[in-house]
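Following: one structure in C-alpha cells, then a few remarks.
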Amino acid sequence: MSYQSIQHVLKTAHPGTEVTIKGWVRTKRESKNAVFIALNDGSTINTIQAVAETGQLPDDTLKLITTGACVTITGQLVESLGAGQSIELKISHVHVYGPADPDKYPLQPKRHSLEFLREIAHLRPRTNTFSAILRVRHALAFAVHKYFNDNGFYYLNTPIITASDAEGAGEMFRVTTLDAQKPPMTDDGRVDYSQDFFGRETNLTVSGQLEGELGALALGKIYTFGPTFRAENSNTTRHLAEFWMIEPEMAFFELEDNMSLAEDFVKTVIRYALQHCADDLAFLDNRLKEEEKTRKKEEQSEMSLLEKLQFVISNEFERLTYTEAVEILINSKPAKKGQFQYEVSWGVDLQSEHERYLVEKHFKKPVILTNYPRDIKAFYMKQDTESGAAPGPTVRAMDVLFPGIGEIIGGSQREDDLDKLTARMQEVGIEPDALWWYLDTRRFGSAPHAGFGLGFERLVLFVTGMGNIRDVIPFPRAPKQAEF
Ligand code: ATP
Ligand code: MN
C-alpha cells in the first residue's frame, strides 16, 4: 500500500521525499498565510504537522478538517521552521475519509479527566495518554512471550470455561445456556444443571494454574497468558472483573528457583519496555510529573516514573518470610500509632496498606514475601516441614510486592505428595474426587514443581505509572461496567 505510518516517516524520511500519511486530525490552526493540521495515526505518540497555503484547499474540504476527522494527506516533507518539530509535510492533496462533527465529537484538544474518558472508552484510544498506554501494553505482552520463548517455555492455552471451582468459590461467573426465567428444577427444588449445556455447573476460570500444572508435568516448563474472571465486588483501583493473567509453571523448580524466575522475568519485560517504548514512557513520565504537582507534598512520590522503572530493574528484590514481615509491621510506626486500618498479627492476611508499607517505607524496593501461614493460602501449596520461627504451620508461598501496587505476583511451590495434598483438601472441604484429574499428576510420575501468577494489568499499571487499573485495559470490566 502506498502510505506510510507516521512513526516510520518521522524516523526515516528526508526532506524532499513525497509521502502519503493517513490518520486522525488532532488540531487545525489557521494563520494569515497558512493552515496547520496536526495529524496522528496511533503508530506513535508524535504527530506530523501538515501545512497548506491559505486558499490552497477548497473551502468545503477545509471545513471538514476538524479535530477527530479522518484524513489522508499527500505532500512533500520539508524542514520545519516551527518550534517542536524538525520536519513537516507540505500538503499537495487532502482527502477526508470521515468527518467528525465538531459540535458532537467528545474529544477536544484539551485535557480530559480519566473518569470522563472511561465513559467514552470507545474513543479514548485516540488520546495521547491511552494510545501510549496501549502501545506500552502491547510491548509488554510481546516481551512476555519473548521472555518465555527465549527461556525454553511452551505457551499452553488453558480453558476459559471450567467446571472446577476449587479455587475461587463464590467469586466466579456462571456459564450457562439454561433459561434464566424458568430453569429446569430437580425434585428437591434446585436448578438442575445436569440439563445444562455441559451437563454440569460451569464457570469462567479464575486461574489457569491447575491445568497449567498438568502441562508442566509433561512439557517441563509452560506458561499461560489468557483472560481470567473474578466476580469479586471489590471496587478498588487494582481489581478488574476480567483481567489477563500470566502463569508460568515449572517442573523441578523449588521455591527459590521460582523467586529467581519471577524477579528475572519482571525485570526483563520492564527493561524491554524501557528500550522499545522510550517516547511513550517519556510522555507518561511527564504526565505523572504534572499530576504529582497537584498533590500534597507528602503524597508526592520521591522518584519519577522513569527513575522508578530504572530502580526496579537495577536493584535486587528484598526476600524475607511472612513471619519476619509481620515482626517488622508490628514494630512499625504506623502500627504503634494505630494508623493501619487493619491490625497485624501472625496469621492474618496482609492488606495492601501493609504490603505498601513494607515496600515503600521500610525496604524502599520490591519485596518477595515467602512462607505464609498455611491457613490463608490455597490448598495446593507445598507444606513446609519446618516452620522455623513461625508460630504455626506455613507453606512455600511467595508474593511479590511492588511500590504503588502491593501484590503483583502470587505463587508457590506446589504440594507434590499425594497423601499430604488429599489430606489438605479434605481439611478445607474440597472433595478430592472432584479433582481426580489434578490428583492424577501426583499419582503418576509426580515431581517437585512451582509456578506463579502475574496479573498483566498490574504490571502495565506499574510500568505506565497510572493510578487506576481500569485505565490500562482497552475495555475494562468492573462492577456495573460492561458498556463497550
Ligand atoms: P489480591 O489480594 O490483590 O486480590 P489475589 O491474592 O486474589 O490478589 P491471586 O489469586 O494470587 O491474587 O492472583 C495472582 C495475581 O493476579 C495477583 O498477584 C494479581 O497480580 C492479579 N490479580 C488478582 N486479582 C485481580 C483482579 N481482580 N484484577 C486484576 N488483577 C488481579
Ligand atoms: Mn483477590
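As shown in the C-alpha cells, the chain order sets the letters A, B, ...; within each chain, residues go from 1, and ligands are also counted from 1 in the order they appear.
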
Dump as a Markdown table the rows for residues of chain A within 10 Å of ligand 2: closest atom pair and distance in Å with one decimal, only C-alpha atoms and all ligand atoms counted, ordered by chain and rising residue number.
| residue | atom | partner | partner_atom_place_in_ligand_line | distance |
| --- | --- | --- | --- | --- |
| A:Gly168 | CA | ligand 2 | 1 (Mn) | 9.2 |
| A:Glu171 | CA | ligand 2 | 1 (Mn) | 9.3 |
| A:Arg230 | CA | ligand 2 | 1 (Mn) | 8.3 |
| A:Glu232 | CA | ligand 2 | 1 (Mn) | 7.7 |
| A:Ser234 | CA | ligand 2 | 1 (Mn) | 8.7 |
| A:Arg238 | CA | ligand 2 | 1 (Mn) | 9.5 |
| A:His239 | CA | ligand 2 | 1 (Mn) | 7.7 |
| A:Leu240 | CA | ligand 2 | 1 (Mn) | 9.9 |
| A:Glu407 | CA | ligand 2 | 1 (Mn) | 9.6 |

Take the residues that were just selected and, keeping N, CA and C atoms, output them as a PDB file, in the first residue's frame.
ATOM      1  N   GLY A 168     -11.842 -20.527  43.571  1.00  0.00           N
ATOM      2  CA  GLY A 168     -12.441 -19.218  43.802  1.00  0.00           C
ATOM      3  C   GLY A 168     -13.883 -19.258  44.260  1.00  0.00           C
ATOM      4  N   GLU A 171     -16.631 -16.500  43.844  1.00  0.00           N
ATOM      5  CA  GLU A 171     -16.177 -15.342  43.083  1.00  0.00           C
ATOM      6  C   GLU A 171     -16.262 -15.574  41.583  1.00  0.00           C
ATOM      7  N   ARG A 230     -13.054 -12.697  37.675  1.00  0.00           N
ATOM      8  CA  ARG A 230     -13.401 -12.799  39.098  1.00  0.00           C
ATOM      9  C   ARG A 230     -14.569 -11.876  39.396  1.00  0.00           C
ATOM     10  N   GLU A 232     -15.503 -10.623  41.917  1.00  0.00           N
ATOM     11  CA  GLU A 232     -15.359 -10.025  43.250  1.00  0.00           C
ATOM     12  C   GLU A 232     -15.867  -8.598  43.177  1.00  0.00           C
ATOM     13  N   SER A 234     -15.139  -6.015  44.471  1.00  0.00           N
ATOM     14  CA  SER A 234     -14.254  -5.066  45.129  1.00  0.00           C
ATOM     15  C   SER A 234     -13.950  -3.925  44.182  1.00  0.00           C
ATOM     16  N   ARG A 238      -7.180  -1.633  41.883  1.00  0.00           N
ATOM     17  CA  ARG A 238      -6.272  -2.713  41.495  1.00  0.00           C
ATOM     18  C   ARG A 238      -6.992  -3.980  41.071  1.00  0.00           C
ATOM     19  N   HIS A 239      -8.325  -3.955  41.036  1.00  0.00           N
ATOM     20  CA  HIS A 239      -9.082  -5.153  40.684  1.00  0.00           C
ATOM     21  C   HIS A 239      -9.988  -4.911  39.483  1.00  0.00           C
ATOM     22  N   LEU A 240      -9.964  -5.865  38.568  1.00  0.00           N
ATOM     23  CA  LEU A 240     -10.894  -5.886  37.451  1.00  0.00           C
ATOM     24  C   LEU A 240     -11.698  -7.177  37.533  1.00  0.00           C
ATOM     25  N   GLU A 407       0.489  -6.378  45.918  1.00  0.00           N
ATOM     26  CA  GLU A 407       0.788  -7.675  45.304  1.00  0.00           C
ATOM     27  C   GLU A 407       0.697  -7.600  43.783  1.00  0.00           C
TER      28      GLU A 407
END

Step by step, measure atom-to-atom distances between ligand 1 and each residue using only C-alpha atoms and all ligand atoms, keep those at most 7 Å, then write them as a PDB file with N, CA and C atoms, in the first residue's frame.
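New file part00.pdb:
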ATOM      1  N   ARG A 230     -13.054 -12.697  37.675  1.00  0.00           N
ATOM      2  CA  ARG A 230     -13.401 -12.799  39.098  1.00  0.00           C
ATOM      3  C   ARG A 230     -14.569 -11.876  39.396  1.00  0.00           C
ATOM      4  N   GLU A 232     -15.503 -10.623  41.917  1.00  0.00           N
ATOM      5  CA  GLU A 232     -15.359 -10.025  43.250  1.00  0.00           C
ATOM      6  C   GLU A 232     -15.867  -8.598  43.177  1.00  0.00           C
ATOM      7  N   ARG A 238      -7.180  -1.633  41.883  1.00  0.00           N
ATOM      8  CA  ARG A 238      -6.272  -2.713  41.495  1.00  0.00           C
ATOM      9  C   ARG A 238      -6.992  -3.980  41.071  1.00  0.00           C
ATOM     10  N   HIS A 239      -8.325  -3.955  41.036  1.00  0.00           N
ATOM     11  CA  HIS A 239      -9.082  -5.153  40.684  1.00  0.00           C
ATOM     12  C   HIS A 239      -9.988  -4.911  39.483  1.00  0.00           C
ATOM     13  N   LEU A 240      -9.964  -5.865  38.568  1.00  0.00           N
ATOM     14  CA  LEU A 240     -10.894  -5.886  37.451  1.00  0.00           C
ATOM     15  C   LEU A 240     -11.698  -7.177  37.533  1.00  0.00           C
ATOM     16  N   ALA A 241     -12.869  -7.195  36.890  1.00  0.00           N
ATOM     17  CA  ALA A 241     -13.649  -8.436  36.859  1.00  0.00           C
ATOM     18  C   ALA A 241     -13.118  -9.354  35.755  1.00  0.00           C
ATOM     19  N   GLU A 242     -12.491  -8.760  34.750  1.00  0.00           N
ATOM     20  CA  GLU A 242     -11.868  -9.527  33.669  1.00  0.00           C
ATOM     21  C   GLU A 242     -10.452  -9.003  33.516  1.00  0.00           C
ATOM     22  N   PHE A 243      -9.477  -9.843  33.735  1.00  0.00           N
ATOM     23  CA  PHE A 243      -8.097  -9.390  33.568  1.00  0.00           C
ATOM     24  C   PHE A 243      -7.266 -10.510  32.955  1.00  0.00           C
ATOM     25  N   MET A 245      -3.981 -12.874  32.856  1.00  0.00           N
ATOM     26  CA  MET A 245      -3.017 -13.420  33.809  1.00  0.00           C
ATOM     27  C   MET A 245      -1.948 -14.230  33.072  1.00  0.00           C
ATOM     28  N   GLU A 407       0.489  -6.378  45.918  1.00  0.00           N
ATOM     29  CA  GLU A 407       0.788  -7.675  45.304  1.00  0.00           C
ATOM     30  C   GLU A 407       0.697  -7.600  43.783  1.00  0.00           C
ATOM     31  N   ILE A 408       1.790  -7.986  43.133  1.00  0.00           N
ATOM     32  CA  ILE A 408       1.767  -8.039  41.666  1.00  0.00           C
ATOM     33  C   ILE A 408       1.865  -9.492  41.198  1.00  0.00           C
ATOM     34  N   ILE A 409       2.506 -10.321  42.022  1.00  0.00           N
ATOM     35  CA  ILE A 409       2.647 -11.742  41.703  1.00  0.00           C
ATOM     36  C   ILE A 409       2.311 -12.563  42.939  1.00  0.00           C
ATOM     37  N   GLY A 410       1.573 -13.647  42.728  1.00  0.00           N
ATOM     38  CA  GLY A 410       1.349 -14.617  43.798  1.00  0.00           C
ATOM     39  C   GLY A 410       1.744 -15.983  43.272  1.00  0.00           C
ATOM     40  N   GLY A 411       2.518 -16.727  44.049  1.00  0.00           N
ATOM     41  CA  GLY A 411       2.923 -18.042  43.562  1.00  0.00           C
ATOM     42  C   GLY A 411       3.332 -18.957  44.691  1.00  0.00           C
ATOM     43  N   GLY A 453       1.494 -16.546  39.400  1.00  0.00           N
ATOM     44  CA  GLY A 453       0.568 -15.807  38.545  1.00  0.00           C
ATOM     45  C   GLY A 453       0.871 -14.325  38.632  1.00  0.00           C
ATOM     46  N   LEU A 454       1.018 -13.711  37.467  1.00  0.00           N
ATOM     47  CA  LEU A 454       1.234 -12.264  37.416  1.00  0.00           C
ATOM     48  C   LEU A 454       0.007 -11.648  36.750  1.00  0.00           C
ATOM     49  N   GLY A 455      -0.633 -10.728  37.434  1.00  0.00           N
ATOM     50  CA  GLY A 455      -1.747 -10.002  36.821  1.00  0.00           C
ATOM     51  C   GLY A 455      -1.185  -9.013  35.814  1.00  0.00           C
ATOM     52  N   PHE A 456      -1.466  -9.263  34.536  1.00  0.00           N
ATOM     53  CA  PHE A 456      -0.840  -8.453  33.476  1.00  0.00           C
ATOM     54  C   PHE A 456      -1.163  -6.969  33.656  1.00  0.00           C
ATOM     55  N   GLU A 457      -2.406  -6.648  33.997  1.00  0.00           N
ATOM     56  CA  GLU A 457      -2.768  -5.230  34.143  1.00  0.00           C
ATOM     57  C   GLU A 457      -2.046  -4.571  35.298  1.00  0.00           C
ATOM     58  N   ARG A 458      -1.702  -5.338  36.334  1.00  0.00           N
ATOM     59  CA  ARG A 458      -0.944  -4.713  37.437  1.00  0.00           C
ATOM     60  C   ARG A 458       0.465  -4.359  36.961  1.00  0.00           C
TER      61      ARG A 458
END

Just list the residues in range 21-174 of chain A DSSP gives alpha helix (DSSP H) on the backbone, as a ChimeraX atom specification. /A:59-64,114-119,128-150

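Minimum atom-to-atom distance to His14 in chain A, evaluated using only C-alpha atoms, belongs to A:Ser86 out of A:Ser31, A:Ser86, A:Gln181, A:Gln275.
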
So which residues touch Arg374 in chain A within 10 Å, counting only C-alpha atoms, skipping near sequence neighbours fewer than 4 positions away, as a PyMOL selection string? chain A and resi 347+378-379+381-384+392-397+424

Would you list the contacts of Gln4 in chain A as a PDB file with C-alpha atoms, in the first residue's frame, taking every protein, DNA or RNA residue within 8 Å and counting only C-alpha atoms, but skipping same-chain residues closer than 2 positions in sequence?
ATOM      1  CA  SER A   2       1.232   3.433  -0.828  1.00  0.00           C
ATOM      2  CA  ILE A   6       3.823   8.481  10.936  1.00  0.00           C
ATOM      3  CA  HIS A   8       8.094   5.420  10.034  1.00  0.00           C
ATOM      4  CA  VAL A   9       8.049   8.834   8.378  1.00  0.00           C
ATOM      5  CA  VAL A  19       4.793  10.726   1.258  1.00  0.00           C
ATOM      6  CA  THR A  20       1.189   9.842   1.945  1.00  0.00           C
ATOM      7  CA  ILE A  21       0.010   9.567   5.538  1.00  0.00           C
ATOM      8  CA  LYS A  22      -3.375   8.621   6.959  1.00  0.00           C
TER       9      LYS A  22
END

Can you measure CA of Leu320 in chain A to CA of Leu369 in chain A for me? One decimal in Å is fine. 5.3 Å

Determine which residues of range 92-331 of chain A DSSP labels as strand (DSSP E or B) from the backbone of this structure, then write them out as an NGL selection string. :A and (92-98 or 154-155 or 161-162 or 174-175 or 185 or 191 or 202-204 or 221-229 or 242-251 or 318-321)

Deliver the residues from the most recent selection as a file, using C-alpha atoms, as an mmCIF file, in the first residue's frame.
data_model
loop_
_atom_site.group_PDB
_atom_site.id
_atom_site.type_symbol
_atom_site.label_atom_id
_atom_site.label_comp_id
_atom_site.auth_asym_id
_atom_site.auth_seq_id
_atom_site.Cartn_x
_atom_site.Cartn_y
_atom_site.Cartn_z
ATOM 1 C CA SER A 92 -0.335 18.693 -2.140
ATOM 2 C CA HIS A 93 -3.549 16.734 -1.654
ATOM 3 C CA VAL A 94 -6.036 16.032 1.143
ATOM 4 C CA HIS A 95 -8.914 13.593 1.145
ATOM 5 C CA VAL A 96 -11.354 13.433 4.044
ATOM 6 C CA TYR A 97 -12.430 9.837 4.741
ATOM 7 C CA GLY A 98 -14.683 10.597 7.681
ATOM 8 C CA TYR A 154 5.896 -23.611 25.955
ATOM 9 C CA TYR A 155 2.760 -21.481 25.657
ATOM 10 C CA ILE A 161 -14.815 -22.360 30.750
ATOM 11 C CA THR A 162 -14.164 -24.639 33.675
ATOM 12 C CA ARG A 174 -21.537 -18.863 35.932
ATOM 13 C CA VAL A 175 -21.651 -20.052 32.328
ATOM 14 C CA MET A 185 -35.530 -27.928 38.582
ATOM 15 C CA VAL A 191 -31.609 -25.837 39.498
ATOM 16 C CA THR A 202 -19.595 -24.460 34.754
ATOM 17 C CA ASN A 203 -17.920 -21.107 35.325
ATOM 18 C CA LEU A 204 -15.429 -18.749 33.784
ATOM 19 C CA LYS A 221 8.194 -25.537 31.535
ATOM 20 C CA ILE A 222 4.961 -23.915 30.370
ATOM 21 C CA TYR A 223 3.210 -20.602 30.694
ATOM 22 C CA THR A 224 -0.321 -19.423 30.171
ATOM 23 C CA PHE A 225 -1.321 -15.915 29.155
ATOM 24 C CA GLY A 226 -5.040 -15.525 28.946
ATOM 25 C CA PRO A 227 -8.123 -13.869 30.352
ATOM 26 C CA THR A 228 -9.320 -14.693 33.852
ATOM 27 C CA PHE A 229 -12.526 -13.634 35.529
ATOM 28 C CA GLU A 242 -11.868 -9.527 33.669
ATOM 29 C CA PHE A 243 -8.097 -9.390 33.568
ATOM 30 C CA TRP A 244 -5.220 -11.125 31.834
ATOM 31 C CA MET A 245 -3.017 -13.420 33.809
ATOM 32 C CA ILE A 246 0.402 -14.824 33.035
ATOM 33 C CA GLU A 247 1.048 -18.109 34.785
ATOM 34 C CA PRO A 248 4.346 -19.951 34.308
ATOM 35 C CA GLU A 249 4.606 -23.414 35.836
ATOM 36 C CA MET A 250 7.886 -25.325 36.023
ATOM 37 C CA ALA A 251 8.654 -28.953 36.787
ATOM 38 C CA GLU A 318 14.252 -7.980 49.133
ATOM 39 C CA ARG A 319 13.410 -11.541 50.161
ATOM 40 C CA LEU A 320 12.012 -12.327 53.600
ATOM 41 C CA THR A 321 9.484 -14.582 55.248
#

How many Å separate CA of Gly338 in chain A from CA of Val359 in chain A? 19.1 Å

Among the residues A:Asp279, A:Asp417, A:Glu343, A:Glu291, the one that comes closest to Arg135 in chain A [using only C-alpha atoms]: A:Asp279

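As for CA of Leu219 in chain A and CA of Asp433 in chain A, they are spaced 25.1 Å apart.
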
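Contact shell of Phe340 in chain A at 10 Å (only C-alpha atoms; same-chain neighbours under 4 positions omitted): Leu329, Lys333, Pro334, Ala335, Lys336, Val344, Gln351, Glu353, His354 and Tyr357 of chain A.
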
Selection near Glu316 in chain A, 9 Å with only C-alpha atoms, sequence-local residues under 2 positions removed, as number ranges by chain: A: 263, 312-314, 318-319, 365-367
